[in-house]
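For reference, input15.cif is printed below; it contains mmCIF, C-alpha atoms and all ligand atoms.
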```
data_structure
#
loop_
_atom_site.label_atom_id
_atom_site.label_comp_id
_atom_site.auth_asym_id
_atom_site.auth_seq_id
_atom_site.Cartn_x
_atom_site.Cartn_y
_atom_site.Cartn_z
CA MET A 74 -44.56 8.67 34.93
CA LYS A 75 -44.51 9.99 31.36
CA LYS A 76 -40.93 11.13 31.88
CA SER A 77 -39.78 7.66 32.92
CA ILE A 78 -41.51 6.09 29.90
CA LEU A 79 -39.72 8.57 27.66
CA ILE A 80 -36.37 7.72 29.22
CA VAL A 81 -37.03 3.98 28.78
CA LEU A 82 -37.97 4.57 25.13
CA LEU A 83 -34.87 6.69 24.59
CA VAL A 84 -32.57 4.06 26.12
CA PHE A 85 -34.31 1.37 24.08
CA SER A 86 -33.90 3.29 20.81
CA ILE A 87 -30.22 3.96 21.56
CA GLN A 88 -29.73 0.24 22.16
CA ILE A 89 -31.47 -0.58 18.89
CA SER A 90 -29.35 1.87 16.90
CA ALA A 91 -26.19 0.58 18.62
CA GLN A 92 -27.18 -2.95 17.64
CA GLU A 93 -27.74 -1.90 14.04
CA LYS A 94 -24.28 -0.51 13.56
CA ALA A 95 -21.94 -2.94 11.87
CA VAL A 96 -18.74 -3.78 13.68
CA PRO A 97 -15.95 -6.31 13.10
CA VAL A 98 -16.55 -9.72 14.68
CA PHE A 99 -13.83 -12.00 15.99
CA LYS A 100 -14.28 -15.65 16.89
CA ASP A 101 -11.52 -17.84 18.28
CA GLY A 102 -9.13 -15.02 17.44
CA GLU A 103 -10.13 -14.90 13.79
CA ALA A 104 -11.89 -12.09 11.95
CA GLN A 105 -15.27 -13.27 10.68
CA ILE A 106 -17.15 -12.28 7.55
CA VAL A 107 -19.72 -9.67 8.56
CA GLU A 108 -22.96 -9.58 6.56
CA ALA A 109 -23.01 -5.77 6.49
CA PHE A 110 -19.49 -5.58 5.02
CA LYS A 111 -19.95 -8.33 2.42
CA ASP A 112 -21.54 -6.57 -0.53
CA SER A 113 -18.73 -5.42 -2.82
CA GLU A 114 -21.16 -3.10 -4.64
CA LYS A 115 -21.30 -0.98 -1.51
CA TRP A 116 -17.57 -0.70 -0.93
CA ILE A 117 -16.06 2.74 -1.31
CA ARG A 118 -13.05 2.78 -3.63
CA HIS A 119 -10.87 5.82 -4.22
CA ASP A 120 -7.29 6.82 -4.91
CA LEU A 121 -4.97 9.63 -3.90
CA TRP A 122 -1.32 10.61 -3.64
CA VAL A 123 0.62 10.67 -0.37
CA GLU A 124 3.49 13.11 -0.09
CA THR A 125 6.72 11.49 1.05
CA THR A 126 9.82 13.04 2.64
CA PHE A 127 12.19 12.38 -0.28
CA ASP A 128 12.83 13.58 -3.81
CA SER A 129 14.28 10.52 -5.54
CA ASP A 130 13.69 11.85 -9.07
CA GLY A 131 15.47 15.10 -8.26
CA ASP A 132 12.80 17.44 -9.64
CA GLY A 133 12.88 19.64 -6.56
CA LYS A 134 9.52 18.40 -5.26
CA MET A 135 8.85 15.74 -2.66
CA ASP A 136 7.80 12.56 -4.43
CA ARG A 137 4.16 11.59 -4.12
CA VAL A 138 3.12 7.94 -4.16
CA HIS A 139 -0.12 6.69 -5.65
CA VAL A 140 -2.41 5.00 -3.13
CA ASP A 141 -5.76 3.23 -3.46
CA VAL A 142 -8.29 2.55 -0.75
CA THR A 143 -11.18 0.09 -0.50
CA ARG A 144 -13.40 0.39 2.57
CA PRO A 145 -16.85 -0.67 3.76
CA GLU A 146 -19.54 1.99 3.29
CA GLN A 147 -20.06 2.17 7.05
CA THR A 148 -16.80 4.14 7.24
CA LYS A 149 -18.81 6.90 5.58
CA THR A 150 -22.38 6.29 6.69
CA GLU A 151 -21.77 5.34 10.31
CA GLY A 152 -18.47 7.04 11.11
CA LEU A 153 -16.88 3.62 11.52
CA LYS A 154 -13.10 3.53 11.89
CA LEU A 155 -11.31 0.35 10.90
CA PRO A 156 -7.75 -1.01 10.81
CA VAL A 157 -5.87 -1.31 7.53
CA VAL A 158 -4.32 -4.18 5.58
CA TYR A 159 -1.69 -2.56 3.38
CA GLU A 160 0.30 -3.98 0.47
CA SER A 161 2.80 -2.11 -1.68
CA SER A 162 4.47 -3.24 -4.89
CA PRO A 163 6.53 -2.06 -7.85
CA TYR A 164 4.58 -4.46 -10.10
CA TYR A 165 0.97 -3.31 -9.84
CA ALA A 166 1.07 -1.08 -12.91
CA GLY A 167 2.92 -3.59 -15.07
CA VAL A 168 6.53 -4.16 -16.07
CA ALA A 169 8.51 -3.63 -19.24
CA ASN A 170 8.31 -6.02 -22.14
CA GLY A 171 11.85 -5.87 -23.33
CA GLY A 172 14.55 -7.88 -24.95
CA SER A 173 18.24 -8.21 -24.31
CA GLU A 174 18.78 -4.54 -25.20
CA LEU A 175 17.46 -3.74 -21.73
CA PHE A 176 19.85 -6.06 -19.93
CA TRP A 177 22.81 -4.86 -18.00
CA ASP A 178 26.20 -6.30 -18.67
CA VAL A 179 26.75 -8.44 -15.59
CA LYS A 180 30.47 -7.63 -15.82
CA HIS A 181 29.79 -3.90 -15.65
CA GLU A 182 32.14 -2.31 -13.11
CA LEU A 183 30.59 -0.55 -10.16
CA GLY A 184 30.57 3.21 -10.52
CA GLU A 185 31.39 3.20 -14.23
CA LYS A 186 29.14 5.11 -16.60
CA VAL A 187 26.64 3.07 -18.59
CA PRO A 188 27.51 3.56 -22.30
CA ASN A 189 24.02 3.71 -23.82
CA PRO A 190 21.33 3.52 -21.17
CA VAL A 191 17.87 2.60 -22.43
CA HIS A 192 14.91 4.25 -20.79
CA VAL A 193 12.17 1.70 -20.37
CA GLU A 194 8.62 2.68 -21.19
CA VAL A 195 6.01 0.65 -19.37
CA GLN A 196 2.42 0.41 -20.59
CA ARG A 197 0.47 1.02 -17.41
CA ARG A 198 -2.10 -1.58 -16.39
CA GLY A 199 -5.23 -0.76 -14.49
CA GLU A 200 -7.51 2.21 -14.31
CA ARG A 201 -7.95 4.71 -11.57
CA PRO A 202 -8.99 4.47 -8.82
CA ILE A 203 -7.91 0.83 -8.71
CA ILE A 204 -4.23 0.00 -8.28
CA SER A 205 -4.73 -3.64 -7.29
CA ASN A 206 -7.45 -6.02 -6.15
CA SER A 207 -5.16 -8.11 -3.94
CA GLN A 208 -6.28 -8.75 -0.33
CA ILE A 209 -9.62 -7.01 -0.88
CA SER A 210 -12.04 -9.94 -1.15
CA THR A 211 -10.42 -11.57 1.87
CA TRP A 212 -10.23 -8.63 4.26
CA VAL A 213 -12.90 -6.03 3.46
CA PRO A 214 -15.79 -8.46 4.26
CA ARG A 215 -13.99 -9.11 7.56
CA GLY A 216 -14.01 -5.48 8.60
CA TYR A 217 -10.67 -4.23 7.36
CA ILE A 218 -9.80 -1.44 4.96
CA VAL A 219 -7.40 -2.47 2.19
CA VAL A 220 -4.80 -0.01 0.94
CA HIS A 221 -2.29 -0.43 -1.91
CA SER A 222 0.51 1.78 -3.11
CA SER A 223 2.75 1.69 -6.16
CA SER A 224 6.45 1.86 -5.26
CA PRO A 225 8.32 5.07 -6.06
CA GLY A 226 8.87 5.45 -9.80
CA THR A 227 6.28 2.85 -10.76
CA GLY A 228 2.71 3.27 -11.92
CA LEU A 229 1.48 6.76 -11.08
CA SER A 230 3.96 7.24 -8.23
CA ASP A 231 6.69 9.88 -8.53
CA GLY A 232 10.31 8.99 -8.04
CA ALA A 233 13.04 6.64 -9.12
CA PRO A 234 12.63 2.89 -8.59
CA THR A 235 15.80 2.31 -6.59
CA VAL A 236 15.85 -1.29 -5.39
CA GLY A 237 16.57 -1.55 -1.69
CA GLY A 238 17.12 2.20 -1.44
CA LYS A 239 15.90 4.39 1.40
CA ASN A 240 12.89 5.47 -0.62
CA GLU A 241 11.56 1.90 -0.44
CA SER A 242 11.44 2.23 3.36
CA LEU A 243 10.28 5.83 3.43
CA ALA A 244 7.45 5.46 0.88
CA PRO A 245 5.40 2.93 2.91
CA LYS A 246 6.32 4.87 6.07
CA ALA A 247 4.73 7.97 4.51
CA VAL A 248 1.55 6.02 3.69
CA ILE A 249 1.35 4.74 7.28
CA ASP A 250 2.00 8.27 8.54
CA TRP A 251 -0.88 9.45 6.35
CA LEU A 252 -3.13 6.72 7.78
CA ASN A 253 -2.27 8.19 11.20
CA GLY A 254 -2.79 11.83 10.24
CA ARG A 255 0.93 12.67 10.26
CA ALA A 256 1.50 13.02 6.48
CA LYS A 257 -0.46 14.73 3.74
CA GLY A 258 -2.55 13.04 1.09
CA PHE A 259 -3.80 14.80 -2.04
CA SER A 260 -6.57 14.05 -4.52
CA SER A 261 -4.18 14.57 -7.45
CA ARG A 262 -0.52 14.12 -8.25
CA GLU A 263 0.22 17.84 -8.52
CA GLY A 264 -2.68 19.55 -6.76
CA ASN A 265 -3.24 20.78 -3.22
CA GLU A 266 -6.69 19.40 -2.38
CA GLU A 267 -6.10 17.32 0.73
CA VAL A 268 -7.51 13.87 1.43
CA LYS A 269 -7.65 12.72 5.03
CA ALA A 270 -7.87 9.13 6.30
CA PHE A 271 -10.65 9.93 8.77
CA TRP A 272 -11.83 6.31 8.58
CA SER A 273 -8.55 4.81 9.80
CA THR A 274 -7.89 3.62 13.35
CA GLY A 275 -4.20 4.13 12.54
CA LYS A 276 -3.49 0.43 13.09
CA VAL A 277 -1.83 -1.05 10.02
CA GLY A 278 -0.73 -4.55 9.03
CA MET A 279 1.45 -5.07 5.96
CA THR A 280 1.76 -8.22 3.91
CA GLY A 281 2.84 -9.44 0.49
CA THR A 282 4.87 -12.09 -1.28
CA SER A 283 8.40 -11.85 -2.69
CA TYR A 284 9.13 -8.20 -3.54
CA ASN A 285 5.80 -7.24 -2.01
CA GLY A 286 6.97 -9.05 1.13
CA THR A 287 10.27 -7.24 1.20
CA ILE A 288 8.58 -3.83 1.39
CA PRO A 289 6.88 -4.59 4.76
CA LEU A 290 10.32 -5.43 6.15
CA ALA A 291 11.67 -2.17 4.75
CA ALA A 292 8.77 -0.25 6.32
CA ALA A 293 9.29 -1.97 9.67
CA THR A 294 12.94 -0.88 9.79
CA THR A 295 11.73 2.72 10.12
CA GLY A 296 9.94 1.92 13.40
CA VAL A 297 6.93 3.91 12.18
CA ASP A 298 4.12 4.18 14.74
CA GLY A 299 0.99 2.37 13.63
CA LEU A 300 2.64 -0.51 11.79
CA GLU A 301 1.41 -3.13 14.23
CA ALA A 302 2.19 -6.30 12.29
CA ILE A 303 3.92 -7.52 9.16
CA ILE A 304 3.45 -10.86 7.42
CA PRO A 305 6.17 -10.95 4.75
CA ILE A 306 5.86 -14.08 2.59
CA ALA A 307 9.11 -15.25 0.97
CA PRO A 308 10.72 -11.79 1.20
CA ASN A 309 14.26 -10.81 0.39
CA THR A 310 16.00 -10.27 3.72
CA SER A 311 19.49 -9.48 2.42
CA TYR A 312 20.40 -7.84 -0.86
CA TYR A 313 24.00 -8.93 -0.38
CA HIS A 314 23.05 -12.58 -0.32
CA TYR A 315 20.30 -12.10 -2.86
CA TYR A 316 22.74 -10.85 -5.49
CA ARG A 317 25.43 -13.38 -4.63
CA PHE A 318 23.32 -16.50 -4.44
CA ILE A 319 24.43 -18.78 -7.26
CA ILE A 320 21.02 -19.32 -8.81
CA ILE A 321 20.32 -15.62 -8.85
CA ILE A 322 23.63 -14.99 -10.57
CA ILE A 323 22.63 -17.46 -13.26
CA VAL A 324 19.19 -15.88 -13.44
CA GLN A 325 20.77 -12.46 -13.87
CA MET A 326 22.97 -13.71 -16.64
CA VAL A 327 19.97 -15.15 -18.43
CA TRP A 328 17.19 -12.83 -17.43
CA CYS A 329 19.00 -9.93 -15.81
CA VAL A 330 16.22 -8.70 -13.52
CA LEU A 331 14.97 -5.70 -15.43
CA LEU A 332 13.69 -3.67 -12.55
CA GLU A 333 16.55 -4.47 -10.27
CA ASP A 334 19.58 -2.54 -11.34
CA ILE A 335 21.65 -1.81 -8.26
CA CA B 401 10.35 14.51 -6.85
#
```

As structure tokens, how would this structure be written, given the file I've shared?
Amino acid sequence: MKKSILIVLLVFSIQISAQEKAVPVFKDGEAQIVEAFKDSEKWIRHDLWVETTFDSDGDGKMDRVHVDVTRPEQTKTEGLKLPVVYESSPYYAGVANGGSELFWDVKHELGEKVPNPVHVEVQRRGERPIISNSQISTWVPRGYIVVHSSSPGTGLSDGAPTVGGKNESLAPKAVIDWLNGRAKGFSSREGNEEVKAFWSTGKVGMTGTSYNGTIPLAAATTGVDGLEAIIPIAPNTSYYHYYRFIIIIIVQMVWCVLLEDI
């Protein structure tokens, strides 16, 4: 008799503890705000560097890209694994404030040496561990983890910012590989202390607008496992057309797209 009471109590307590654990809630196909995920004071925020498979700055070391993570505390306290909303950008850390001395001559011949190239110094915005706050207030209360990364050669990411180059596909691929345990993350840019994404289900959705929308398309072209969905908003889908569209040509003549030398 006592044994059966104990079993009932045990089952009851397991049910209670299962009920107490916070989980994502979906209603009519939409993620709902979950009370237990709502308090931003309890979110865990940290940053790290993911090692890629390219060396775009030619220093003999694989470039590492700077990544930030914001996740509900239950990913630590309750072993909860959640899917990821991921946005990458070359703009997070700021852009150059420059004048016409930074502009390219639009009549410059392809392949010809640039006479006096100017190296642009950018005053970095933001403080570690935060790269960006985009997407966070929308998705973390709804049971997602939000991840950002600075494009190669921007912010605290290694590399050269080559517009439309392979590194723009391979950098987000590396981050998604890391979220699936297939690439290495480190707590510092140069060090060897590893950081693992133990809280990730491996399911990733990418989104962003304009340039930030182009990067999800670039990532998707790699066919990387785990990138389940992309929502690119007003992305560039063709650099050929982008650079030959009449308004852009005028814009280049006037404004000359500082970050976009190709
Ligand atoms: Ca390198």

Show me which residues are within 8 Å of ligand CA 401 (chain B) counting only C-alpha atoms and all ligand atoms, and format the list as a compact mmCIF listing (two decimals) with C-alpha atoms, in the coordinates of the input.
```
# COMPACT_ATOMS: atom_id res chain seq x y z
CA PHE A 127 12.19 12.38 -0.28
CA ASP A 128 12.83 13.58 -3.81
CA SER A 129 14.28 10.52 -5.54
CA ASP A 130 13.69 11.85 -9.07
CA GLY A 131 15.47 15.10 -8.26
CA ASP A 132 12.80 17.44 -9.64
CA GLY A 133 12.88 19.64 -6.56
CA LYS A 134 9.52 18.40 -5.26
CA MET A 135 8.85 15.74 -2.66
CA ASP A 136 7.80 12.56 -4.43
CA ARG A 137 4.16 11.59 -4.12
CA ASP A 231 6.69 9.88 -8.53
CA GLY A 232 10.31 8.99 -8.04
```

Best match for closeness to Phe259 of chain A among A:Lys276, A:Lys246, A:Lys149, A:His119, counting all atoms listed in the file: A:His119

What does the distance from atom CA of His139 of chain A to atom CA of Val96 of chain A come to in Å, to one decimal? 28.8 Å

Just checking: using only C-alpha atoms, which residue out of A:Gly278, A:Pro188, A:Pro202, A:Pro245 ends up closest to Thr294 of chain A? A:Pro245

Residue with the minimum atom-to-atom distance to Gln105 of chain A, picked from A:Thr211, A:Ser162, A:Asn309, A:Thr282 with only C-alpha atoms counted, is A:Thr211

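The spacing separating atom CA of Phe176 of chain A from atom CA of Ser207 of chain A amounts to 29.8 Å.
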
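Nearest to Ile304 of chain A of all the residues A:Leu153, A:Val277, A:Val179, A:Ile203 is A:Val277, counting only C-alpha atoms.
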
Long-range neighbours of Phe110 of chain A as a VMD selection string, 12 Å cut-off, all atoms listed in the file, 3 positions minimum in chain: chain A and resid 94 to 98 105 to 107 113 to 117 143 to 148 153 155 209 to 218
